[in-house]
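File shown here: final.txt, holding compact mmCIF, C-alpha atoms.
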# COMPACT_ATOMS: atom_id res chain seq x y z
CA MET J 1 121.45 78.35 126.07
CA VAL J 2 120.40 77.29 122.55
CA ALA J 3 119.38 73.89 123.94
CA GLY J 4 117.36 75.63 126.66
CA ALA J 5 115.56 77.82 124.14
CA ALA J 6 114.86 74.79 121.93
CA LEU J 7 113.45 72.86 124.89
CA ALA J 8 111.26 75.78 125.97
CA THR J 9 109.96 76.11 122.41
CA ALA J 10 109.24 72.39 122.16
CA PHE J 11 107.18 72.51 125.36
CA ALA J 12 105.38 75.66 124.26
CA LEU J 13 104.54 74.09 120.89
CA LYS J 14 103.31 70.91 122.56
CA SER J 15 100.93 72.76 124.85
CA PHE J 16 99.93 74.93 121.89
CA ASN J 17 98.95 71.78 120.03
CA GLU J 18 96.88 70.53 122.93
CA ASN J 19 95.15 73.74 123.94
CA LEU J 20 95.19 76.06 121.00
CA MET J 21 93.68 73.95 118.29
CA TYR J 22 91.06 76.60 117.95
CA PHE J 23 88.15 74.29 117.16
CA PHE J 24 87.01 70.67 116.75
CA SER J 25 85.77 69.46 113.36
CA THR J 26 82.34 67.90 112.97
CA THR J 27 84.01 64.50 112.36
CA ASP J 28 85.77 64.77 115.75
CA VAL J 29 82.42 65.49 117.42
CA SER J 30 80.65 62.58 115.68
CA ALA J 31 83.49 60.28 116.75
CA GLY J 32 82.99 61.40 120.39
CA LYS J 33 86.40 63.11 120.66
CA ALA J 34 84.89 66.38 121.88
CA PRO J 35 84.52 66.92 125.65
CA LYS J 36 81.14 66.11 127.22
CA ASP J 37 79.44 68.65 129.49
CA ALA J 38 82.11 71.26 128.80
CA LEU J 39 82.37 74.25 126.50
CA PHE J 40 84.31 73.70 123.31
CA ARG J 41 84.45 75.19 119.84
CA LEU J 42 83.04 73.51 116.76
CA GLY J 43 84.08 74.58 113.27
CA GLY J 44 82.61 73.76 109.88
CA MET J 45 80.62 74.91 106.87
CA VAL J 46 76.96 75.79 107.20
CA VAL J 47 75.10 73.15 105.18
CA LYS J 48 73.15 74.71 102.28
CA GLY J 49 69.42 74.72 102.94
CA SER J 50 69.80 73.73 106.60
CA VAL J 51 69.21 77.15 108.18
CA GLN J 52 65.78 77.28 109.85
CA ARG J 53 64.20 79.80 112.16
CA PRO J 54 61.48 78.12 114.24
CA GLY J 55 59.19 80.76 115.71
CA ASP J 56 59.87 84.46 115.24
CA GLY J 57 62.56 84.87 117.91
CA LEU J 58 66.32 85.01 117.51
CA THR J 59 66.66 81.23 117.68
CA VAL J 60 68.17 79.62 114.61
CA HIS J 61 68.82 75.97 113.78
CA PHE J 62 71.40 74.85 111.21
CA LYS J 63 73.78 72.03 110.39
CA LEU J 64 77.56 72.18 110.17
CA THR J 65 79.67 69.90 108.02
CA ASP J 66 83.31 69.19 107.15
CA PHE J 67 82.05 67.38 104.01
CA SER J 68 82.17 64.05 105.85
CA LYS J 69 79.95 64.25 108.97
CA GLU J 70 77.18 66.70 109.90
CA VAL J 71 76.33 68.12 113.34
CA ALA J 72 73.10 69.98 114.20
CA VAL J 73 73.54 73.35 115.92
CA GLU J 74 71.09 75.54 117.83
CA TYR J 75 71.82 79.22 118.58
CA THR J 76 69.92 82.13 120.05
CA GLY J 77 71.39 85.55 119.41
CA ILE J 78 72.71 87.91 116.76
CA LEU J 79 74.72 86.31 113.98
CA PRO J 80 77.80 88.00 112.45
CA ASP J 81 77.50 89.75 109.04
CA LEU J 82 79.27 86.97 107.20
CA PHE J 83 76.99 84.17 108.48
CA ARG J 84 75.24 82.52 105.56
CA GLU J 85 74.75 79.09 104.00
CA GLY J 86 77.97 77.65 102.61
CA GLN J 87 80.08 79.90 104.89
CA GLY J 88 82.69 78.55 107.31
CA ILE J 89 81.90 79.35 110.96
CA VAL J 90 83.17 78.55 114.45
CA ALA J 91 80.62 78.10 117.25
CA ASN J 92 81.36 78.04 120.97
CA GLY J 93 79.03 75.92 123.11
CA LYS J 94 78.36 72.37 124.31
CA LEU J 95 76.59 69.21 123.27
CA ASP J 96 73.26 68.43 124.89
CA ASN J 97 71.99 64.90 125.49
CA ARG J 98 70.21 64.82 122.10
CA GLY J 99 73.59 65.26 120.36
CA VAL J 100 72.64 68.81 119.32
CA PHE J 101 75.39 71.42 119.73
CA VAL J 102 73.94 74.36 121.69
CA ALA J 103 76.02 77.41 120.76
CA GLU J 104 76.53 80.41 123.02
CA GLU J 105 78.57 82.33 120.46
CA VAL J 106 78.88 82.09 116.67
CA LEU J 107 81.95 83.45 114.86
CA ALA J 108 82.30 83.62 111.07
CA LYS J 109 85.52 82.45 109.46
CA HIS J 110 86.22 84.03 106.08
CA ASP J 111 88.58 82.53 103.52
CA GLU J 112 91.73 84.01 102.01
CA ASN J 113 90.10 85.00 98.69
CA TYR J 114 89.59 88.64 97.80
CA MET J 115 87.93 89.65 94.52
CA PRO J 116 85.38 92.08 93.09
CA PRO J 117 81.73 90.86 93.04
CA GLU J 118 81.74 90.77 89.19
CA VAL J 119 84.69 88.37 89.16
CA LYS J 120 82.95 86.14 91.70
CA ALA J 121 79.81 86.15 89.55
CA SER J 122 81.70 85.24 86.37
CA LEU J 123 83.65 82.51 88.20
CA LYS J 124 80.35 81.06 89.42
CA ALA J 125 78.88 81.25 85.90
CA ALA J 126 81.96 79.46 84.50
CA VAL J 127 81.62 76.64 87.05
CA GLU J 128 77.92 76.26 86.29
CA GLN J 129 78.59 76.10 82.53
CA LYS J 130 81.08 73.26 83.07
CA LYS J 131 78.68 71.20 85.22
CA PRO J 132 76.19 69.79 82.66
CA MET K 1 135.42 87.89 100.75
CA PHE K 2 135.82 86.91 97.08
CA LEU K 3 132.06 86.70 96.71
CA ILE K 4 131.39 90.34 97.59
CA PRO K 5 132.18 92.88 94.84
CA ASP K 6 134.71 95.48 95.91
CA PRO K 7 132.48 98.62 95.78
CA VAL K 8 129.77 96.90 97.87
CA GLY K 9 132.31 95.85 100.49
CA ARG K 10 133.72 99.37 100.57
CA PHE K 11 130.22 100.84 100.97
CA PHE K 12 129.47 98.76 104.07
CA HIS K 13 132.92 99.43 105.44
CA ARG K 14 132.42 103.17 105.18
CA MET K 15 128.86 102.95 106.57
CA ALA K 16 130.24 101.37 109.74
CA SER K 17 132.12 104.60 110.43
CA PRO K 18 129.92 106.88 112.59
CA PRO K 19 130.77 110.29 110.96
CA HIS K 20 130.29 108.88 107.47
CA PHE K 21 126.99 107.22 108.46
CA TYR K 22 125.74 110.47 110.01
CA ALA K 23 126.59 112.59 106.95
CA PHE K 24 125.32 110.03 104.45
CA THR K 25 121.92 109.49 106.12
CA GLU K 26 121.44 113.26 106.29
CA LYS K 27 121.81 113.52 102.50
CA LEU K 28 119.65 110.43 101.97
CA MET K 29 116.72 111.56 104.14
CA PRO K 30 114.88 113.94 101.71
CA TRP K 31 114.94 111.25 99.01
CA LEU K 32 113.54 108.63 101.38
CA VAL K 33 110.77 110.96 102.56
CA GLY K 34 109.90 111.90 98.96
CA ILE K 35 109.64 108.29 97.80
CA PHE K 36 107.66 107.35 100.93
CA LEU K 37 105.08 110.12 100.36
CA ILE K 38 104.63 109.22 96.67
CA LEU K 39 104.21 105.49 97.46
CA LEU K 40 101.80 106.24 100.32
CA ALA K 41 99.67 108.56 98.15
CA CYS K 42 99.51 106.00 95.30
CA GLY K 43 98.82 103.11 97.70
CA LEU K 44 96.02 104.93 99.56
CA TYR K 45 94.40 106.25 96.36
CA GLY K 46 94.57 102.80 94.79
CA GLY K 47 93.32 101.04 97.91
CA LEU K 48 90.53 103.41 98.94
CA TYR K 49 89.25 104.64 95.53
CA LEU K 50 90.43 102.50 92.62
CA ALA K 51 90.20 99.01 94.15
CA PRO K 52 86.72 97.42 93.84
CA PRO K 53 84.78 96.26 96.92
CA ASP K 54 85.18 92.62 97.93
CA TYR K 55 82.52 90.06 96.90
CA GLN K 56 82.09 88.94 100.50
CA GLN K 57 83.19 91.73 102.84
CA GLY K 58 82.19 94.75 100.74
CA ASP K 59 84.12 97.90 101.63
CA SER K 60 85.11 96.70 105.10
CA TYR K 61 88.00 94.70 103.67
CA ARG K 62 89.85 97.95 102.88
CA ILE K 63 91.44 97.90 106.34
CA ILE K 64 93.66 95.22 104.73
CA TYR K 65 95.75 98.09 103.29
CA ILE K 66 96.90 99.01 106.81
CA HIS K 67 96.56 95.70 108.63
CA VAL K 68 98.52 93.40 106.30
CA PRO K 69 101.50 95.73 105.57
CA SER K 70 101.81 96.43 109.33
CA ALA K 71 101.79 92.73 110.12
CA TRP K 72 104.43 92.06 107.44
CA MET K 73 106.56 94.90 108.83
CA SER K 74 106.27 93.53 112.37
CA LEU K 75 107.94 90.30 111.18
CA PHE K 76 110.40 91.98 108.78
CA ILE K 77 111.67 94.46 111.38
CA TYR K 78 112.12 91.69 113.92
CA ILE K 79 114.34 89.80 111.48
CA VAL K 80 116.36 92.99 110.78
CA MET K 81 116.68 93.61 114.53
CA ALA K 82 117.87 90.05 115.24
CA THR K 83 120.31 90.05 112.28
CA THR K 84 121.91 93.40 113.10
CA GLY K 85 121.92 92.37 116.76
CA ALA K 86 123.86 89.23 115.84
CA ILE K 87 126.30 91.26 113.70
CA GLY K 88 126.87 93.60 116.63
CA LEU K 89 127.35 90.64 118.96
CA ILE K 90 129.88 88.86 116.72
CA TRP K 91 131.90 91.68 115.14
CA ARG K 92 131.28 94.35 117.81
CA ILE K 93 130.19 96.89 115.19
CA LYS K 94 128.69 99.85 117.03
CA LEU K 95 126.41 100.89 114.18
CA ALA K 96 124.87 97.42 113.89
CA GLU K 97 123.96 97.63 117.61
CA ILE K 98 122.41 101.04 117.03
CA VAL K 99 120.36 99.89 114.03
CA ALA K 100 119.11 96.91 116.09
CA ILE K 101 117.86 98.95 119.04
CA SER K 102 116.49 101.73 116.79
CA SER K 103 114.40 99.11 114.97
CA ALA K 104 112.78 97.83 118.17
CA SER K 105 110.37 100.69 118.85
CA VAL K 106 109.35 101.00 115.17
CA GLY K 107 108.71 97.25 115.12
CA ALA K 108 106.70 97.42 118.34
CA SER K 109 104.54 100.20 116.84
CA PHE K 110 103.81 98.19 113.69
CA THR K 111 102.95 95.12 115.78
CA PHE K 112 100.58 97.22 117.86
CA ILE K 113 98.94 98.68 114.73
CA ALA K 114 98.55 95.17 113.26
CA LEU K 115 96.86 93.95 116.47
CA VAL K 116 94.53 96.96 116.77
CA THR K 117 93.46 97.04 113.10
CA GLY K 118 92.99 93.27 113.23
CA SER K 119 90.74 93.68 116.25
CA LEU K 120 88.71 96.40 114.50
CA TRP K 121 88.36 94.13 111.48
CA GLY K 122 87.52 91.07 113.57
CA LYS K 123 84.46 92.54 115.30
CA PRO K 124 82.25 93.07 112.22
CA MET K 125 83.56 90.09 110.21
CA TRP K 126 84.12 87.32 112.75
CA GLY K 127 81.86 88.67 115.49
CA ALA K 128 84.65 89.05 118.09
CA TRP K 129 87.25 91.70 118.96
CA TRP K 130 89.74 89.09 120.09
CA VAL K 131 90.07 85.32 120.09
CA TRP K 132 92.92 83.26 121.52
CA ASP K 133 93.77 81.47 118.31
CA ALA K 134 97.34 80.62 117.31
CA ARG K 135 97.89 83.58 114.94
CA LEU K 136 96.63 86.26 117.31
CA THR K 137 98.38 84.78 120.34
CA SER K 138 101.76 84.46 118.61
CA GLU K 139 101.51 88.03 117.26
CA LEU K 140 100.79 89.24 120.80
CA VAL K 141 103.88 87.36 121.99
CA LEU K 142 105.84 89.26 119.32
CA LEU K 143 104.67 92.57 120.82
CA PHE K 144 105.87 91.42 124.24
CA LEU K 145 109.23 90.42 122.74
CA TYR K 146 109.67 93.92 121.28
CA LEU K 147 108.67 95.50 124.60
CA GLY K 148 111.08 93.17 126.40
CA VAL K 149 113.92 94.28 124.12
CA ILE K 150 113.15 97.97 124.71
CA GLY K 151 112.80 97.48 128.46
CA LEU K 152 116.01 95.47 128.78
CA TYR K 153 118.00 98.03 126.78
CA ASN K 154 116.83 100.88 128.99
CA ALA K 155 117.43 98.91 132.20
CA ILE K 156 121.20 98.62 131.61
CA ASP K 157 123.25 101.82 131.86
CA ASP K 158 126.29 100.75 129.85
CA LYS K 159 124.95 100.80 126.30
CA ARG K 160 127.48 98.34 124.88
CA THR K 161 126.52 95.76 127.53
CA ALA K 162 122.84 96.58 126.98
CA SER K 163 123.19 95.94 123.24
CA LYS K 164 124.79 92.56 123.92
CA ALA K 165 121.95 91.50 126.25
CA VAL K 166 119.30 92.78 123.84
CA ALA K 167 120.87 90.92 120.89
CA ILE K 168 120.71 87.61 122.79
CA LEU K 169 117.06 88.19 123.75
CA ALA K 170 116.20 89.13 120.15
CA LEU K 171 117.96 86.02 118.80
CA VAL K 172 116.10 83.68 121.17
CA GLY K 173 112.82 85.31 120.12
CA VAL K 174 113.47 84.59 116.42
CA VAL K 175 111.84 81.20 117.02
CA ASN K 176 108.49 83.03 117.16
CA ILE K 177 108.77 84.33 113.57
CA PRO K 178 108.12 81.04 111.70
CA ILE K 179 105.47 80.22 114.33
CA ILE K 180 103.56 83.41 113.47
CA HIS K 181 103.93 82.88 109.75
CA TYR K 182 102.86 79.22 109.71
CA SER K 183 100.37 79.41 112.62
CA VAL K 184 97.43 79.56 110.20
CA GLU K 185 98.61 76.38 108.48
CA TRP K 186 99.80 74.32 111.46
CA TRP K 187 96.72 74.87 113.62
CA SER K 188 93.07 75.41 112.88
CA THR K 189 92.60 79.12 113.49
CA LEU K 190 89.81 81.65 113.14
CA HIS K 191 92.27 83.88 111.28
CA GLN K 192 92.29 83.25 107.52
CA GLY K 193 95.15 81.44 105.76
CA PRO K 194 97.82 83.26 103.70
CA THR K 195 96.47 85.25 100.74
CA VAL K 196 99.60 86.72 99.12
CA THR K 197 102.60 84.82 100.49
CA LYS K 198 101.63 81.32 99.43
CA MET K 199 103.27 79.06 96.89
CA ASP K 200 100.78 79.23 94.03
CA LYS K 201 99.44 82.54 92.79
CA PRO K 202 97.93 85.00 95.29
CA SER K 203 94.20 84.57 95.93
CA ILE K 204 93.52 88.28 95.69
CA HIS K 205 92.40 90.03 92.52
CA VAL K 206 95.19 92.00 90.84
CA SER K 207 93.26 95.32 91.16
CA MET K 208 93.35 94.84 94.95
CA LEU K 209 96.85 93.36 95.08
CA VAL K 210 98.72 96.26 93.45
CA PRO K 211 97.70 98.91 96.06
CA LEU K 212 98.48 96.37 98.80
CA LEU K 213 102.04 95.90 97.51
CA LEU K 214 102.45 99.70 97.11
CA MET K 215 101.38 100.18 100.72
CA ALA K 216 103.79 97.44 101.82
CA LEU K 217 106.62 99.24 100.02
CA ALA K 218 105.59 102.61 101.50
CA PHE K 219 105.66 101.06 105.00
CA LYS K 220 109.18 99.72 104.29
CA PHE K 221 110.35 103.25 103.45
CA TYR K 222 108.63 104.63 106.54
CA TYR K 223 110.48 102.08 108.65
CA VAL K 224 113.85 103.07 107.12
CA ILE K 225 113.10 106.77 107.75
CA ALA K 226 111.95 106.29 111.36
CA MET K 227 114.76 103.84 112.14
CA LEU K 228 117.47 106.10 110.68
CA GLN K 229 116.22 109.15 112.61
CA ARG K 230 116.34 107.16 115.84
CA ALA K 231 119.74 105.71 114.92
CA ARG K 232 121.21 109.18 114.25
CA LEU K 233 120.02 110.41 117.64
CA GLU K 234 121.30 107.31 119.42
CA LEU K 235 124.64 107.69 117.61
CA LEU K 236 125.03 111.32 118.73
CA GLN K 237 124.24 110.35 122.31
CA ARG K 238 126.78 107.52 122.34
CA GLU K 239 129.48 109.50 120.54
CA ARG K 240 128.92 112.80 122.34
CA THR K 241 132.54 112.93 123.47
CA ALA K 242 133.99 111.98 120.06
CA ASN K 243 135.93 114.52 118.04
CA TRP K 244 133.73 114.42 114.94
CA VAL K 245 130.64 115.36 116.99
CA LYS K 246 132.47 118.24 118.71
CA LYS K 247 133.75 119.47 115.36
CA MET K 248 130.28 119.29 113.79
CA VAL K 249 128.62 121.11 116.68
CA THR K 250 131.20 123.93 116.73
CA GLU K 251 130.84 124.31 112.96
CA GLN K 252 127.06 124.58 113.25
CA VAL K 253 127.24 127.10 116.10
CA GLN K 254 129.51 129.42 114.12

Output the structure of this file as C-alpha cells.
Amino acid sequence: MVAGAALATAFALKSFNENLMYFFSTTDVSAGKAPKDALFRLGGMVVKGSVQRPGDGLTVHFKLTDFSKEVAVEYTGILPDLFREGQGIVANGKLDNRGVFVAEEVLAKHDENYMPPEVKASLKAAVEQKKP
Amino acid sequence: MFLIPDPVGRFFHRMASPPHFYAFTEKLMPWLVGIFLILLACGLYGGLYLAPPDYQQGDSYRIIYIHVPSAWMSLFIYIVMATTGAIGLIWRIKLAEIVAISSASVGASFTFIALVTGSLWGKPMWGAWWVWDARLTSELVLLFLYLGVIGLYNAIDDKRTASKAVAILALVGVVNIPIIHYSVEWWSTLHQGPTVTKMDKPSIHVSMLVPLLLMALAFKFYYVIAMLQRARLELLQRERTANWVKKMVTEQVQ
C-alpha cells in the first residue's frame, strides 16, 4: 500500500511539473520553448520606463524581463492595482508573428515582503546613499 | 520508556482513560476559552489598529491576520489528525481515535477559511479570484482529503472500524503536507513565497509580525477548544453504555 501511494504521488508530481509550472520565463520564450499559436502564461518584471499607452484607449505596451532576456507585451483592459514598473506580473496570452506577446489577462504577483511605507522609504534611501 | 519522565508518562496514561479525560477537559475548558479570548482580542487590536499599512498593498494586506493563521492551522491539524490516527491504529487507544476524527471537521473549516480569504485577497491584488497554481491546487486537495475523512467515517457504522479506515486515509494524505508547504519554492506560482517560515529572518516588519503570531496562537487555542468539545460528545456517544457515563448521568439528574 505504501508503494502504491508512493507511485501515485510520483506520477502526480510528474504531471504537476509538466502542467502546473504556472508560467514561462522571458528567457524560455526568447529561446522558443513556449508553445506557438496557443495560450500560455508569461511571468516577469515590468521593465522600468517601458510602459507606454499609445492612443487614449485601454491599450498598454510594456516589456517584461527576468534580468536576462526581454519580451514585449501588448494588453488591452484593466490592470490590477499592483501593476507598476518594477513589479512582477504574470500575463496570459499568446505570441503573434512579430514576436510580441498579446496578453488577454494580466495578473500581478506580489513578493513576500511586508513593511510600513516609512521603512520602505528609509531602505530605499539607504540603498541610494550606498550607490555613489 | 527511560526517556519519558515519570509524571509525563502518568499524565498521558491517565488521559487515555475516558472518565478521567471527560472530567479533566471539563475543568480545563474555562481556562482555554479565557486564554483564547485574550489572545484573539490582542491579535485583532494589534492587527487592525496598531499595525501600520503595508508599503505596497496598503490596508488590504490586513486579511493576512485571518488567512495565514488559518492556512497554518489547516496543515497543523492535518498532522495532528494523522499522528493521533496512527496512534489509534497501532496501540488501539480509543481516545486517540476520537481526537483524530474530532480534528477533521475543525481542520476542514480552517482549510475552507484559508481558501475563501485567499480568494478575497487574490481578486484586488492579483486580479483573479482563483488560479490553478501549485499552492492553491494543493490546498484544495487538502480540503478534499478532510472531506474524504469525514465522509468515510460517517459511511461506516462500526466506529472502531471506521477509525481504522480513516487513519489509513489520513496517513496516505500526509504526502500532501510537504507539497503544500514547498509548492511555492518547487514550482513557479502566482502565490507569494514564504514570509515567516523561511530559514533566514522573516521578511515582515516586527510591528506586523507580532499580531500575526498572536492570531496564530489564538487559532491554536480555538482548535483545542473546538476539538475537545467534539471529542467529549463523541466519547459520550461511544461510551453510552459504560458505567461511568450512567453514574454521571444519574448523579446529574438527582

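You can rank K:Ala96, K:Val33, K:Ala71, K:Ile4 by their closest distance to K:Ala216 using only C-alpha atoms, and at the top of that list sits K:Ala71.
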
With a cut-off of 10 Å, could you pull out the residues of chain K touching chain J and give me the nearest pair of atoms for each, distance in Å to one decimal, using only C-alpha atoms, ordered by chain and ascending number, as a Markdown table?
| residue | atom | partner | partner_atom | distance |
| --- | --- | --- | --- | --- |
| K:Ala51 | CA | J:Pro116 | CA | 8.5 |
| K:Pro52 | CA | J:Pro116 | CA | 5.6 |
| K:Pro53 | CA | J:Pro116 | CA | 5.7 |
| K:Asp54 | CA | J:Pro116 | CA | 4.9 |
| K:Tyr55 | CA | J:Pro117 | CA | 4.0 |
| K:Gln56 | CA | J:Leu82 | CA | 7.5 |
| K:Gln57 | CA | J:Leu82 | CA | 7.6 |
| K:Gly58 | CA | J:Pro117 | CA | 8.6 |
| K:Tyr61 | CA | J:Tyr114 | CA | 8.6 |
| K:Gly122 | CA | J:Ala108 | CA | 9.4 |
| K:Lys123 | CA | J:Pro80 | CA | 8.5 |
| K:Pro124 | CA | J:Asp81 | CA | 6.6 |
| K:Met125 | CA | J:Leu82 | CA | 6.1 |
| K:Trp126 | CA | J:Ala108 | CA | 4.5 |
| K:Gly127 | CA | J:Pro80 | CA | 5.1 |
| K:Ala128 | CA | J:Leu107 | CA | 7.0 |
| K:Val131 | CA | J:Tyr22 | CA | 9.0 |
| K:Trp132 | CA | J:Leu20 | CA | 7.6 |
| K:Asp133 | CA | J:Tyr22 | CA | 5.6 |
| K:Ala134 | CA | J:Leu20 | CA | 6.2 |
| K:Thr137 | CA | J:Leu20 | CA | 9.3 |
| K:Ile168 | CA | J:Met1 | CA | 9.9 |
| K:Leu171 | CA | J:Val2 | CA | 9.8 |
| K:Val172 | CA | J:Ala5 | CA | 6.6 |
| K:Gly173 | CA | J:Ala5 | CA | 8.9 |
| K:Val175 | CA | J:Thr9 | CA | 7.6 |
| K:Asn176 | CA | J:Thr9 | CA | 8.8 |
| K:Ile179 | CA | J:Leu13 | CA | 9.0 |
| K:Trp186 | CA | J:Asn17 | CA | 9.0 |
| K:Trp187 | CA | J:Met21 | CA | 5.6 |
| K:Ser188 | CA | J:Tyr22 | CA | 5.6 |
| K:Thr189 | CA | J:Tyr22 | CA | 5.3 |
| K:Leu190 | CA | J:Lys109 | CA | 5.7 |
| K:His191 | CA | J:Lys109 | CA | 7.1 |
| K:Gln192 | CA | J:Asp111 | CA | 5.5 |
| K:Gly193 | CA | J:Glu112 | CA | 5.7 |
| K:Pro194 | CA | J:Glu112 | CA | 6.4 |
| K:Thr195 | CA | J:Glu112 | CA | 5.1 |
| K:Val196 | CA | J:Glu112 | CA | 8.8 |
| K:Pro202 | CA | J:Asn113 | CA | 8.5 |
| K:Ser203 | CA | J:Asn113 | CA | 5.0 |
| K:Ile204 | CA | J:Tyr114 | CA | 4.5 |
| K:His205 | CA | J:Met115 | CA | 4.9 |
| K:Val206 | CA | J:Met115 | CA | 8.5 |
| K:Ser207 | CA | J:Met115 | CA | 8.5 |
| K:Met208 | CA | J:Met115 | CA | 7.5 |
| K:Leu209 | CA | J:Tyr114 | CA | 9.1 |

_With all atoms listed in the file as the counted atoms, please give the residues lying no more than 12 Å from K:Ala86, apart from itself and same-chain residues fewer than 4 positions off, as a ChimeraX atom specification._
/K:79-82,90-94,96-101,163-172,174

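Shortest atom-to-atom contact with K:Tyr45 among K:Thr241, K:Val210, K:Val224, K:Leu32: K:Val210, counting all atoms listed in the file.
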
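Checking K:Thr197, K:Thr84, K:Ser183, K:Ser60 one by one against K:Leu120, counting only C-alpha atoms, you find the shortest gap at K:Ser60.
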
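Excluding K:Ser109 itself and same-chain residues fewer than 3 positions from it, the residues having an atom within 10 Å of it are Ser70, Met73, Ser74, Ala104, Ser105, Val106, Phe112, Ile113, Ala114, Leu115, Leu143, Tyr146 and Leu147 of chain K, counting all atoms listed in the file.
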
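Using all atoms listed in the file, the residues found no farther than 10 Å from stretch 13-23 of chain K, other than those of its own chain fewer than 6 positions away, are Pro7, Ile93, Lys94, Leu95, Ala96, Leu228, Gln229, Ala231, Arg232, Leu233, Leu235, Leu236, Glu239, Ala242, Asn243, Trp244, Val245 and Met248 of chain K.
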
Those residues with C-alpha atoms, as a compact mmCIF listing (two decimals), keeping the file's coordinate frame please?
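Once everything was written out, this is again17.txt:
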# COMPACT_ATOMS: atom_id res chain seq x y z
CA PRO K 7 132.48 98.62 95.78
CA ILE K 93 130.19 96.89 115.19
CA LYS K 94 128.69 99.85 117.03
CA LEU K 95 126.41 100.89 114.18
CA ALA K 96 124.87 97.42 113.89
CA LEU K 228 117.47 106.10 110.68
CA GLN K 229 116.22 109.15 112.61
CA ALA K 231 119.74 105.71 114.92
CA ARG K 232 121.21 109.18 114.25
CA LEU K 233 120.02 110.41 117.64
CA LEU K 235 124.64 107.69 117.61
CA LEU K 236 125.03 111.32 118.73
CA GLU K 239 129.48 109.50 120.54
CA ALA K 242 133.99 111.98 120.06
CA ASN K 243 135.93 114.52 118.04
CA TRP K 244 133.73 114.42 114.94
CA VAL K 245 130.64 115.36 116.99
CA MET K 248 130.28 119.29 113.79

_Neighbouring residues of J:Ala72 were defined as those with any atom within 12 Å, considering all atoms listed in the file; residues of the same chain fewer than 4 positions away were excluded. Please report them as a list of chain:residue names._
J:Thr26, J:Val29, J:Ser30, J:Leu42, J:Gly43, J:Gly44, J:Met45, J:Val46, J:Val47, J:Ser50, J:Val51, J:Gln52, J:Val60, J:His61, J:Phe62, J:Lys63, J:Leu64, J:Thr65, J:Ala91, J:Lys94, J:Leu95, J:Asp96, J:Arg98, J:Gly99, J:Val100, J:Phe101, J:Val102, J:Ala103

_Atom-to-atom span, atom CA of K:Tyr223 and atom CA of K:Ile177, Å_ = 18.5 Å

*Could you tell me how far atom CA of K:Gly107 lies from atom CA of K:Arg10, in Å and to one decimal?*
29.0 Å

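Each of K:Phe24, K:Tyr49, K:Trp31, K:Tyr222 was checked against K:Arg62 using all atoms listed in the file; the smallest atom-to-atom distance is that of K:Tyr49.
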
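Between atom CA of K:Glu26 and atom CA of K:Arg230 the separation is 12.4 Å.
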